[in-house]
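**Q** Got a structure for you, written out below as structure tokens; questions coming shortly.
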Amino acid sequence: MKPSFGASDSSLTALFWSGGSGGCVGDPQECSRIVLRDLATREFNAFLWLFLITITALLMRKVVKLLRLWFKGHRIPGPPCPSFFGHSKLISRENLTDYLSDVHEKYGSAVKLWLGPTQLLVSIKDPKLIREMLLKAADKLPGTGRAFHLAFGSSSLFASSFQKVQRRRETLKIELNDRLLERENLISRTVVDCITERIHGSMVKGSVDCRTVSQHMAFTILGATLFGEAFSTWSKANVYEELLMRIAKDASFWASYNVTPFWKRGFWKYQCLCTKLKSLTQDIVQQGKKNYKIFHSVDSKFCNEAAFVEKEVAYGVPSCSVIGMPDEFILEELKSHLNVREEPCGNIMGIMFHGCLTTAGLINNILMRLATNPEIQNKIYTEITMIQKGSVKQVEQNVDKMFLLLATVYESARLLPAGPLLQRCSLENDLKLESGLTIPAGAVVVVPVQLVQMDDSSWGSDASEFNPYRFLTKAGKKSHMVLNTSYSGLAEELVNPCPGESSFVLNDPNENAAFLPFGSGIRSCVGQKFVIQGVATLFASLLERYEIKLLPEAQNNQKPTKNSSVFQLLSGVEIAFVRRNC
Ligand code: HEM
């Protein structure tokens with residue numbers, strides 16, 4: 001007899017009842033339970049199959065990718081693999097550039113090395129290929145920016161994915177290169193005075209430590225740029241500087257762990273320093289706002305409350321922009337469009353960290369070069385005084401015309417880059433270069449900066465020598481990098497130009513594809529123009545007042561090697577700032 005269905009019976013049960021589930025007889029509720037169980041089992045099985053198929057497909061994709069990597073990697077020249085682990089055992093951090101130098105000599109301008117069965121590294125040394133590769137490869141290695149993330153939390157600068165950093169890069173570039181550089185004084189008198197005060201304080205004992213003074217200069221320039229003039233009088237600036245340098249010392253060590261070492265006490269101490277830095281950053285940001293409000297209440301005739309609110313929303317209130325205001329624009333940019341995951345002030349701390357370390361390295365190198373090349377220092381001084389003679393402007397405003405000084409900044413940057421390698425990777429697509437070279441997706445691409453920047457074929461036979469004149473060309477001649485020329489005559493003419501006119505042209509260093517201290521291409525350093533101009537401005541003021549001298553006992557100082565980078569070679573040599581009689 002056919003059972004009758006109650007109102008609660010589902011149509012699904014009815015469907016199966018009519019024979020679909022193998023002829024269920026008896027209690028309809030029991031039957032529907034069986035049917036549902038049966039259905040659940042089938043669904044679970046289907047899910048397991050789907051899961052299995054997905055995993056297999058993913059694994060297959062990986063295997064195919066790996067096979068493609070092997071196949072395409074095989075075509076790139078390079079030394080044969082010594083073992084299953086590739087060349088990784090032959091390469092250490094210390095000898096990497098030397099090793100790459102040897103393999104490039106033997107196998108050409110693009111060579112491959114296996115760092116394991118699944119990791120291919122391609123090193124490129126030819127400037128034209130490098131330029132093209134750096135324009136095409138937008139991403140950096142996964143894990144790039146880990147040190148920043150660990151210390152300062154999530155931020156949208158210094159990450160590996162171009163998509164993540166693109167927007168912030170663009171806006172920061174506009175703020176730094178267009179708006180800041182348009183100012184009359186990139187580095188204000190207050191900042192220079194703050195630095196010279198420190199120099200006087202340290203010179204009481206007869207000399208200053210080159211490393212400490214460079215760090216302080218970089219810190220003061222960056223701090224004043226990001227936080228405004230309030231930074232120069234901020235009572236906690238010294239603590240901030242010390243904290244930043246302590247964090248910088250340990251950052252790459254803690255970032256080198258694949259798994260964050262929560263179990264280590266030292267790590268928590270490090271995190272404690274980072275938290276202190278965060279709260280100090282928030283403090284100076286607030287300080288800047290307070291200063292503005294004080295000014296606002298004193299000068300309320302010119303600025304009304306509505307204007308202040310307006311300033312917080314949009315950039316710029318003309319009547320209020322006389323005091324400190326322009327400096328806050330960059331801060332606003334770095335704090336703006338925060339996404340939920342972004343740490344407040346994370347970008348600001350990241351910029352302070354990267355900017356201070358790299359700028360300190362550059363300043364340190366310039367100080368050392370000037371101290372060890374007194375004849376060039378004298379010529380720069382002559383250049384400064386000659387340009388100042390015919391001008392009513394302050395020395396800081398005439399830096400654009402000081403070609404030898406700017407060339408000295410370029411040359412110092414060339415000789416001591418921020419790191420031994422530039423790195424890129426293209427995770428999804430092969431990188432096809434015009435020369436016919438195809439770098440398979442997933443390979444790590446590196447540029448051994450020190451090798452390229454000291455290569456005779458790009459820089460002439462004196463590539464490893466300090467020679468700022470290589471960035472100068474005689475006016476009227478076609479602008480190109482001067483190679484293999486005697487520069488002594490050039491120097492004489494440079495400091496004795498026709499009144500008001502220089503007979504030399506300063507070459508754009510980026511014209512030479514082998515100039516890479518700030519990287520190049522789509523992920524190049526956003527701060528390049530600002531740093532070059534800012535550091536040159538600072539040195540124009542300093543050299544006008546002081547002569548920089550190396551103490552006799554420091555003469556035999558260490559020389560940069562191919563593996564040197566600013567981080568390893570911040571020189572702690574004692575130097576003297578001797579006041580000029582003028
Ligand atoms: C002497 C000083 C500096 C040097 C030598 C330097 C060098 C570099 C280098 C080599 C890179 C990587 C470029 C690449 O991979 O192609 C870089 C990235 C960057 N730099 Fe600098 N830098 C300096 C100062 C600054 C300053 C002062 C700022 C900002 C105020 C800055 C902002 C950045 C940013 C935002 C990036 C990341 C770009 C990205 O990942 O897309 N740098 N810098």
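The chains in the structure tokens are called A, B, ... from first to last as shown; in each chain the residues are counted from 1, and the ligands are counted from 1 in the order shown.
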Looking only at helix (DSSP H, G or I) from DSSP on the backbone, list the matching residues of range 99-257 of chain A as a PDB file with C-alpha atoms, in the first residue's frame.
**A**
ATOM      1  CA  TYR A  99      80.855  35.336  -6.995  1.00  0.00           C
ATOM      2  CA  LEU A 100      78.536  37.136  -9.432  1.00  0.00           C
ATOM      3  CA  SER A 101      81.502  39.080 -10.794  1.00  0.00           C
ATOM      4  CA  ASP A 102      83.255  35.797 -11.632  1.00  0.00           C
ATOM      5  CA  VAL A 103      80.240  34.154 -13.265  1.00  0.00           C
ATOM      6  CA  HIS A 104      79.428  37.263 -15.324  1.00  0.00           C
ATOM      7  CA  GLU A 105      82.981  37.332 -16.581  1.00  0.00           C
ATOM      8  CA  LYS A 106      82.656  33.715 -17.680  1.00  0.00           C
ATOM      9  CA  TYR A 107      79.049  33.465 -18.895  1.00  0.00           C
ATOM     10  CA  PRO A 127      72.954  48.374 -18.266  1.00  0.00           C
ATOM     11  CA  LYS A 128      70.575  48.304 -21.245  1.00  0.00           C
ATOM     12  CA  LEU A 129      69.061  44.983 -20.194  1.00  0.00           C
ATOM     13  CA  ILE A 130      68.871  46.222 -16.611  1.00  0.00           C
ATOM     14  CA  ARG A 131      66.985  49.364 -17.614  1.00  0.00           C
ATOM     15  CA  GLU A 132      64.495  47.350 -19.639  1.00  0.00           C
ATOM     16  CA  MET A 133      64.049  44.717 -16.943  1.00  0.00           C
ATOM     17  CA  LEU A 134      63.516  47.323 -14.195  1.00  0.00           C
ATOM     18  CA  LEU A 135      60.854  48.990 -16.316  1.00  0.00           C
ATOM     19  CA  LYS A 136      59.015  45.753 -16.975  1.00  0.00           C
ATOM     20  CA  ARG A 146      59.123  42.216   6.086  1.00  0.00           C
ATOM     21  CA  ALA A 147      61.494  44.246   8.264  1.00  0.00           C
ATOM     22  CA  PHE A 148      59.198  47.266   7.902  1.00  0.00           C
ATOM     23  CA  HIS A 149      56.088  45.204   8.593  1.00  0.00           C
ATOM     24  CA  LEU A 150      57.566  43.607  11.701  1.00  0.00           C
ATOM     25  CA  ALA A 151      58.765  46.902  13.129  1.00  0.00           C
ATOM     26  CA  PHE A 152      56.062  49.357  12.127  1.00  0.00           C
ATOM     27  CA  PHE A 162      53.388  46.905  -7.122  1.00  0.00           C
ATOM     28  CA  GLN A 163      49.612  47.052  -6.967  1.00  0.00           C
ATOM     29  CA  LYS A 164      49.822  47.638  -3.217  1.00  0.00           C
ATOM     30  CA  VAL A 165      52.370  50.457  -3.368  1.00  0.00           C
ATOM     31  CA  GLN A 166      51.432  52.086  -6.660  1.00  0.00           C
ATOM     32  CA  ARG A 167      48.982  54.713  -5.468  1.00  0.00           C
ATOM     33  CA  ARG A 168      51.008  55.845  -2.466  1.00  0.00           C
ATOM     34  CA  ARG A 169      54.181  55.957  -4.567  1.00  0.00           C
ATOM     35  CA  GLU A 170      52.558  58.288  -7.051  1.00  0.00           C
ATOM     36  CA  THR A 171      51.171  60.727  -4.507  1.00  0.00           C
ATOM     37  CA  LEU A 172      54.360  60.766  -2.437  1.00  0.00           C
ATOM     38  CA  LYS A 173      56.379  61.399  -5.560  1.00  0.00           C
ATOM     39  CA  ILE A 174      54.239  64.416  -6.398  1.00  0.00           C
ATOM     40  CA  GLU A 175      54.553  65.773  -2.851  1.00  0.00           C
ATOM     41  CA  LEU A 176      58.319  65.289  -2.687  1.00  0.00           C
ATOM     42  CA  ASN A 177      59.387  66.114  -6.204  1.00  0.00           C
ATOM     43  CA  ASP A 178      56.933  68.734  -7.289  1.00  0.00           C
ATOM     44  CA  ARG A 179      55.618  70.564  -4.272  1.00  0.00           C
ATOM     45  CA  LEU A 180      58.635  70.355  -1.939  1.00  0.00           C
ATOM     46  CA  ARG A 189      67.997  77.972   7.969  1.00  0.00           C
ATOM     47  CA  THR A 190      66.546  76.535  11.196  1.00  0.00           C
ATOM     48  CA  VAL A 191      67.525  73.025  10.123  1.00  0.00           C
ATOM     49  CA  VAL A 192      71.048  74.118   9.122  1.00  0.00           C
ATOM     50  CA  ASP A 193      71.425  76.023  12.420  1.00  0.00           C
ATOM     51  CA  CYS A 194      70.257  72.995  14.358  1.00  0.00           C
ATOM     52  CA  ILE A 195      72.902  70.869  12.637  1.00  0.00           C
ATOM     53  CA  THR A 196      75.731  73.400  13.056  1.00  0.00           C
ATOM     54  CA  GLU A 197      74.860  73.763  16.736  1.00  0.00           C
ATOM     55  CA  ARG A 198      75.357  70.039  17.141  1.00  0.00           C
ATOM     56  CA  ILE A 199      78.654  70.215  15.243  1.00  0.00           C
ATOM     57  CA  HIS A 200      79.877  73.016  17.546  1.00  0.00           C
ATOM     58  CA  GLY A 201      78.867  70.986  20.575  1.00  0.00           C
ATOM     59  CA  SER A 202      80.807  67.958  19.364  1.00  0.00           C
ATOM     60  CA  MET A 203      83.831  69.970  18.151  1.00  0.00           C
ATOM     61  CA  CYS A 210      81.622  60.895  11.115  1.00  0.00           C
ATOM     62  CA  ARG A 211      78.944  58.219  11.532  1.00  0.00           C
ATOM     63  CA  THR A 212      77.128  59.965  14.392  1.00  0.00           C
ATOM     64  CA  VAL A 213      77.153  63.355  12.712  1.00  0.00           C
ATOM     65  CA  SER A 214      75.907  61.901   9.394  1.00  0.00           C
ATOM     66  CA  GLN A 215      73.065  60.104  11.134  1.00  0.00           C
ATOM     67  CA  HIS A 216      72.115  63.267  12.953  1.00  0.00           C
ATOM     68  CA  MET A 217      72.140  65.334   9.756  1.00  0.00           C
ATOM     69  CA  ALA A 218      69.974  62.805   7.906  1.00  0.00           C
ATOM     70  CA  PHE A 219      67.605  62.525  10.837  1.00  0.00           C
ATOM     71  CA  THR A 220      67.214  66.304  11.152  1.00  0.00           C
ATOM     72  CA  ILE A 221      66.581  66.806   7.425  1.00  0.00           C
ATOM     73  CA  LEU A 222      64.026  63.996   7.221  1.00  0.00           C
ATOM     74  CA  GLY A 223      62.369  64.901  10.533  1.00  0.00           C
ATOM     75  CA  ALA A 224      61.948  68.558   9.554  1.00  0.00           C
ATOM     76  CA  THR A 225      60.616  67.537   6.142  1.00  0.00           C
ATOM     77  CA  LEU A 226      58.064  65.085   7.496  1.00  0.00           C
ATOM     78  CA  PHE A 227      57.055  66.716  10.769  1.00  0.00           C
ATOM     79  CA  GLU A 229      59.836  72.918  11.823  1.00  0.00           C
ATOM     80  CA  ALA A 230      58.344  71.882  15.204  1.00  0.00           C
ATOM     81  CA  PHE A 231      60.659  68.896  14.924  1.00  0.00           C
ATOM     82  CA  SER A 232      63.803  71.013  15.394  1.00  0.00           C
ATOM     83  CA  THR A 233      62.647  72.135  18.857  1.00  0.00           C
ATOM     84  CA  ALA A 237      63.949  64.299  19.134  1.00  0.00           C
ATOM     85  CA  ASN A 238      67.138  62.788  20.609  1.00  0.00           C
ATOM     86  CA  VAL A 239      65.286  59.816  22.072  1.00  0.00           C
ATOM     87  CA  TYR A 240      63.516  59.325  18.730  1.00  0.00           C
ATOM     88  CA  GLU A 241      66.825  59.320  16.853  1.00  0.00           C
ATOM     89  CA  GLU A 242      68.392  56.824  19.241  1.00  0.00           C
ATOM     90  CA  LEU A 243      65.376  54.515  19.091  1.00  0.00           C
ATOM     91  CA  LEU A 244      65.283  54.611  15.291  1.00  0.00           C
ATOM     92  CA  MET A 245      68.966  53.699  15.061  1.00  0.00           C
ATOM     93  CA  ARG A 246      68.591  50.868  17.602  1.00  0.00           C
ATOM     94  CA  ILE A 247      65.683  49.459  15.622  1.00  0.00           C
ATOM     95  CA  ALA A 248      67.649  49.820  12.377  1.00  0.00           C
ATOM     96  CA  LYS A 249      70.491  47.785  13.868  1.00  0.00           C
ATOM     97  CA  ASP A 250      68.284  44.769  14.654  1.00  0.00           C
ATOM     98  CA  ALA A 251      65.571  45.036  11.984  1.00  0.00           C
ATOM     99  CA  SER A 252      67.061  42.733   9.361  1.00  0.00           C
ATOM    100  CA  PHE A 253      68.065  40.156  12.004  1.00  0.00           C
ATOM    101  CA  TRP A 254      64.491  39.693  13.239  1.00  0.00           C
ATOM    102  CA  ALA A 255      63.104  39.863   9.715  1.00  0.00           C
TER     103      ALA A 255
END
**Q** Collect all residues with atoms no farther than 8 Å from ligand 1, counting only C-alpha atoms and all ligand atoms, and output them as a ChimeraX atom specification.
**A** /A:134,140,157-160,162,165-166,169,172,176,222,351-352,354-363,413,417-419,422-424,516-528,530-532
**Q** Store the residues of this selection in a file with N, CA and C atoms, as a short mmCIF file (atom, residue, chain, number, x, y, z; two decimals), in the first residue's frame.
**A**
data_model
loop_
_atom_site.label_atom_id
_atom_site.label_comp_id
_atom_site.auth_asym_id
_atom_site.auth_seq_id
_atom_site.Cartn_x
_atom_site.Cartn_y
_atom_site.Cartn_z
N LEU A 134 64.07 46.57 -15.32
CA LEU A 134 63.52 47.32 -14.20
C LEU A 134 62.25 48.11 -14.57
N LYS A 140 58.37 43.03 -6.39
CA LYS A 140 59.62 42.62 -5.73
C LYS A 140 59.37 41.25 -5.12
N LEU A 157 53.72 51.26 1.73
CA LEU A 157 55.00 51.50 1.03
C LEU A 157 55.93 50.35 1.37
N PHE A 158 56.92 50.14 0.53
CA PHE A 158 57.94 49.12 0.77
C PHE A 158 57.37 47.70 0.81
N ALA A 159 56.26 47.44 0.10
CA ALA A 159 55.73 46.08 0.03
C ALA A 159 56.20 45.44 -1.27
N SER A 160 55.96 44.12 -1.40
CA SER A 160 56.47 43.47 -2.62
C SER A 160 55.58 43.76 -3.84
N PHE A 162 53.45 45.55 -6.55
CA PHE A 162 53.39 46.90 -7.12
C PHE A 162 51.99 47.49 -6.94
N VAL A 165 51.62 49.22 -3.65
CA VAL A 165 52.37 50.46 -3.37
C VAL A 165 52.10 51.56 -4.40
N GLN A 166 51.50 51.18 -5.51
CA GLN A 166 51.43 52.09 -6.66
C GLN A 166 50.85 53.46 -6.33
N ARG A 169 52.95 55.54 -3.87
CA ARG A 169 54.18 55.96 -4.57
C ARG A 169 53.92 57.23 -5.37
N LEU A 172 53.17 60.33 -3.18
CA LEU A 172 54.36 60.77 -2.44
C LEU A 172 55.37 61.43 -3.38
N LEU A 176 56.88 65.08 -2.89
CA LEU A 176 58.32 65.29 -2.69
C LEU A 176 58.95 66.06 -3.85
N LEU A 222 65.25 64.77 7.44
CA LEU A 222 64.03 64.00 7.22
C LEU A 222 62.94 64.38 8.22
N ILE A 351 59.23 55.61 6.16
CA ILE A 351 60.02 56.61 5.44
C ILE A 351 61.17 57.11 6.31
N MET A 352 60.88 57.33 7.60
CA MET A 352 61.96 57.80 8.50
C MET A 352 63.08 56.76 8.54
N HIS A 354 63.85 54.14 6.32
CA HIS A 354 64.58 53.99 5.05
C HIS A 354 65.35 55.29 4.73
N GLY A 355 64.64 56.42 4.85
CA GLY A 355 65.24 57.71 4.48
C GLY A 355 66.45 58.04 5.35
N CYS A 356 66.33 57.82 6.66
CA CYS A 356 67.45 58.18 7.55
C CYS A 356 68.68 57.31 7.28
N LEU A 357 68.45 56.00 7.16
CA LEU A 357 69.60 55.11 6.97
C LEU A 357 70.33 55.40 5.67
N THR A 358 69.56 55.52 4.58
CA THR A 358 70.19 55.70 3.28
C THR A 358 70.82 57.10 3.17
N THR A 359 70.10 58.11 3.66
CA THR A 359 70.64 59.47 3.56
C THR A 359 71.87 59.61 4.44
N ALA A 360 71.84 58.97 5.63
CA ALA A 360 73.01 59.03 6.50
C ALA A 360 74.22 58.42 5.78
N GLY A 361 73.97 57.31 5.06
CA GLY A 361 75.06 56.67 4.32
C GLY A 361 75.63 57.59 3.27
N LEU A 362 74.75 58.27 2.56
CA LEU A 362 75.22 59.17 1.51
C LEU A 362 76.01 60.34 2.12
N ILE A 363 75.46 60.94 3.18
CA ILE A 363 76.15 62.08 3.81
C ILE A 363 77.52 61.64 4.33
N ALA A 413 77.14 58.94 -4.31
CA ALA A 413 76.06 57.95 -4.33
C ALA A 413 76.44 56.76 -5.21
N PRO A 417 76.47 52.38 -3.02
CA PRO A 417 75.01 52.23 -3.08
C PRO A 417 74.42 51.72 -1.77
N ALA A 418 73.08 51.88 -1.67
CA ALA A 418 72.40 51.53 -0.42
C ALA A 418 72.43 50.03 -0.12
N GLY A 419 72.56 49.22 -1.14
CA GLY A 419 72.60 47.77 -0.91
C GLY A 419 73.33 47.11 -2.05
N LEU A 422 69.81 45.03 -6.43
CA LEU A 422 68.43 45.43 -6.64
C LEU A 422 67.73 44.13 -6.99
N GLN A 423 66.51 43.94 -6.50
CA GLN A 423 65.82 42.67 -6.80
C GLN A 423 64.42 42.91 -7.34
N ARG A 424 64.01 42.03 -8.22
CA ARG A 424 62.65 42.05 -8.76
C ARG A 424 62.21 40.62 -8.98
N LEU A 516 72.78 53.52 -10.63
CA LEU A 516 71.67 52.83 -9.97
C LEU A 516 71.59 52.99 -8.45
N PRO A 517 72.20 54.03 -7.85
CA PRO A 517 72.12 54.08 -6.38
C PRO A 517 70.68 54.21 -5.87
N PHE A 518 69.78 54.73 -6.70
CA PHE A 518 68.39 54.88 -6.30
C PHE A 518 67.49 53.90 -7.06
N GLY A 519 68.07 52.87 -7.59
CA GLY A 519 67.32 51.93 -8.41
C GLY A 519 66.94 52.59 -9.71
N SER A 520 65.98 52.00 -10.40
CA SER A 520 65.55 52.55 -11.67
C SER A 520 64.22 51.91 -12.03
N GLY A 521 63.52 52.53 -12.98
CA GLY A 521 62.29 51.91 -13.50
C GLY A 521 61.09 52.11 -12.62
N ILE A 522 60.21 51.17 -12.72
CA ILE A 522 58.87 51.29 -12.16
C ILE A 522 58.86 51.30 -10.62
N ARG A 523 59.90 50.72 -9.98
CA ARG A 523 59.97 50.70 -8.51
C ARG A 523 61.15 51.50 -7.98
N SER A 524 61.60 52.48 -8.75
CA SER A 524 62.80 53.22 -8.30
C SER A 524 62.47 54.06 -7.07
N CYS A 525 63.52 54.57 -6.43
CA CYS A 525 63.35 55.34 -5.19
C CYS A 525 62.56 56.62 -5.46
N VAL A 526 61.55 56.82 -4.62
CA VAL A 526 60.69 57.99 -4.77
C VAL A 526 61.40 59.25 -4.28
N GLY A 527 62.40 59.05 -3.42
CA GLY A 527 63.03 60.21 -2.78
C GLY A 527 64.28 60.73 -3.50
N GLN A 528 64.62 60.18 -4.68
CA GLN A 528 65.90 60.53 -5.31
C GLN A 528 66.12 62.03 -5.48
N PHE A 530 64.58 64.60 -4.23
CA PHE A 530 64.55 65.33 -2.97
C PHE A 530 65.86 65.16 -2.21
N VAL A 531 66.36 63.93 -2.16
CA VAL A 531 67.59 63.67 -1.40
C VAL A 531 68.78 64.39 -2.02
N ILE A 532 68.91 64.29 -3.34
CA ILE A 532 70.06 64.91 -3.99
C ILE A 532 70.03 66.42 -3.75
#
**Q** Write out as an mmCIF file with C-alpha atoms, in the first residue's frame each polymer residue whose atoms come within 8 Å of Ile366 in chain A, counting only C-alpha atoms; drop sequence neighbours fewer than 2 positions from it.
**A**
data_model
loop_
_atom_site.group_PDB
_atom_site.id
_atom_site.type_symbol
_atom_site.label_atom_id
_atom_site.label_comp_id
_atom_site.auth_asym_id
_atom_site.auth_seq_id
_atom_site.Cartn_x
_atom_site.Cartn_y
_atom_site.Cartn_z
ATOM 1 C CA LEU A 362 75.219 59.174 1.510
ATOM 2 C CA ILE A 363 76.151 62.084 3.809
ATOM 3 C CA ASN A 364 78.770 59.940 5.504
ATOM 4 C CA MET A 368 84.668 61.165 3.796
ATOM 5 C CA ARG A 369 85.195 61.983 0.097
ATOM 6 C CA LEU A 370 85.532 65.706 0.789
ATOM 7 C CA THR A 408 80.020 65.286 -5.969
ATOM 8 C CA VAL A 409 76.704 64.108 -4.522
ATOM 9 C CA SER A 412 79.397 59.693 -3.787
#
**Q** For Asn185 in chain A, which residue among A:Leu427, A:Ala463, A:Ser503, A:Lys393 is the nearest when counting only C-alpha atoms?
**A**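 Ranked by minimum distance to Asn185 in chain A, first place goes to A:Lys393.
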**Q** For range 276-283 of chain A, work out the shell of residues within 9 Å, counting only C-alpha atoms and skipping chain neighbours fewer than 2 positions away, then give it as a PyMOL selection string.
**A** chain A and resi 152+236-237+239-240+243-244+271-274+285-288+344-346+348-349
**Q** Put those residues in a file: N, CA and C atoms, as an mmCIF file, in the first residue's frame.
**A**
data_model
loop_
_atom_site.group_PDB
_atom_site.id
_atom_site.type_symbol
_atom_site.label_atom_id
_atom_site.label_comp_id
_atom_site.auth_asym_id
_atom_site.auth_seq_id
_atom_site.Cartn_x
_atom_site.Cartn_y
_atom_site.Cartn_z
ATOM 1 N N PHE A 152 57.000 48.227 12.112
ATOM 2 C CA PHE A 152 56.062 49.357 12.127
ATOM 3 C C PHE A 152 54.634 48.973 11.758
ATOM 4 N N LYS A 236 61.810 65.546 22.482
ATOM 5 C CA LYS A 236 62.106 64.107 22.460
ATOM 6 C C LYS A 236 62.831 63.674 21.187
ATOM 7 N N ALA A 237 63.313 64.638 20.418
ATOM 8 C CA ALA A 237 63.949 64.299 19.134
ATOM 9 C C ALA A 237 65.159 63.370 19.335
ATOM 10 N N VAL A 239 65.728 61.180 21.729
ATOM 11 C CA VAL A 239 65.286 59.816 22.072
ATOM 12 C C VAL A 239 64.786 59.122 20.797
ATOM 13 N N TYR A 240 64.064 59.883 19.976
ATOM 14 C CA TYR A 240 63.516 59.325 18.730
ATOM 15 C C TYR A 240 64.658 58.834 17.837
ATOM 16 N N LEU A 243 66.258 55.677 19.264
ATOM 17 C CA LEU A 243 65.376 54.515 19.091
ATOM 18 C C LEU A 243 65.404 54.014 17.646
ATOM 19 N N LEU A 244 65.307 54.969 16.714
ATOM 20 C CA LEU A 244 65.283 54.611 15.291
ATOM 21 C C LEU A 244 66.563 53.867 14.911
ATOM 22 N N GLN A 271 60.313 44.488 19.990
ATOM 23 C CA GLN A 271 58.947 44.973 19.777
ATOM 24 C C GLN A 271 58.611 46.133 20.707
ATOM 25 N N CYS A 272 59.203 46.070 21.907
ATOM 26 C CA CYS A 272 58.976 47.134 22.890
ATOM 27 C C CYS A 272 59.555 48.457 22.345
ATOM 28 N N LEU A 273 60.742 48.366 21.735
ATOM 29 C CA LEU A 273 61.363 49.574 21.150
ATOM 30 C C LEU A 273 60.467 50.121 20.042
ATOM 31 N N CYS A 274 59.921 49.191 19.239
ATOM 32 C CA CYS A 274 59.066 49.619 18.110
ATOM 33 C C CYS A 274 57.805 50.308 18.626
ATOM 34 N N VAL A 285 53.456 63.987 15.741
ATOM 35 C CA VAL A 285 52.373 64.338 14.814
ATOM 36 C C VAL A 285 51.390 65.274 15.527
ATOM 37 N N GLN A 286 51.060 64.927 16.780
ATOM 38 C CA GLN A 286 50.146 65.778 17.570
ATOM 39 C C GLN A 286 50.759 67.151 17.808
ATOM 40 N N GLN A 287 52.072 67.136 18.127
ATOM 41 C CA GLN A 287 52.821 68.369 18.395
ATOM 42 C C GLN A 287 52.675 69.338 17.208
ATOM 43 N N GLY A 288 52.833 68.786 16.037
ATOM 44 C CA GLY A 288 52.720 69.594 14.824
ATOM 45 C C GLY A 288 51.346 70.235 14.733
ATOM 46 N N PRO A 344 48.359 53.163 11.721
ATOM 47 C CA PRO A 344 48.499 54.615 11.682
ATOM 48 C C PRO A 344 49.973 54.965 11.876
ATOM 49 N N CYS A 345 50.494 55.847 11.104
ATOM 50 C CA CYS A 345 51.911 56.270 11.168
ATOM 51 C C CYS A 345 52.886 55.234 10.610
ATOM 52 N N GLY A 346 52.386 54.075 10.137
ATOM 53 C CA GLY A 346 53.287 53.042 9.598
ATOM 54 C C GLY A 346 54.120 53.548 8.437
ATOM 55 N N ILE A 348 54.855 56.707 7.818
ATOM 56 C CA ILE A 348 55.767 57.768 8.281
ATOM 57 C C ILE A 348 57.025 57.138 8.876
ATOM 58 N N MET A 349 56.805 56.105 9.723
ATOM 59 C CA MET A 349 57.961 55.454 10.343
ATOM 60 C C MET A 349 58.818 54.743 9.295
#
**Q** As an exercise, work out the distance from CA of Ile575 in chain A to CA of Leu550 in chain A in Å and give it to one decimal place.
**A** 4.7 Å
**Q** Just checking: using only C-alpha atoms, which residue out of A:Leu181, A:Leu551, A:Ala514, A:Ala441 ends up closest to Asp456 in chain A?
**A**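 Using only C-alpha atoms, Asp456 in chain A sits closest to A:Ala514.
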**Q** Could you name the residues that touch Ala475 in chain A at 10 Å or less, counting only C-alpha atoms, but leaving out those on the same chain fewer than 5 positions away, as an NGL selection string?
**A** :A and (502-506)
**Q** Identify all residues of range 357-525 of chain A in strand (DSSP E or B) (DSSP on the backbone) and supply them as a ChimeraX atom specification.
**A** /A:421-425,431-432,438-439,444-448,472-474,504-506
**Q** By how many Å are CA of Glu434 in chain A and CA of Val447 in chain A apart?
**A** 17.5 Å
**Q** Looking at only C-alpha atoms, which of A:Val63, A:Val111, A:Val395, A:Leu542 is the one that sits closest to Lys125 in chain A?
**A**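 Nearest candidate to Lys125 in chain A out of A:Val63, A:Val111, A:Val395, A:Leu542: A:Val111.
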**Q** Hey, which of A:Ser154, A:Thr385, A:Ser457, A:Ser109 ends up closest to Glu342 in chain A? Count only C-alpha atoms.
**A**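 Closest to Glu342 in chain A, using only C-alpha atoms: A:Ser154.
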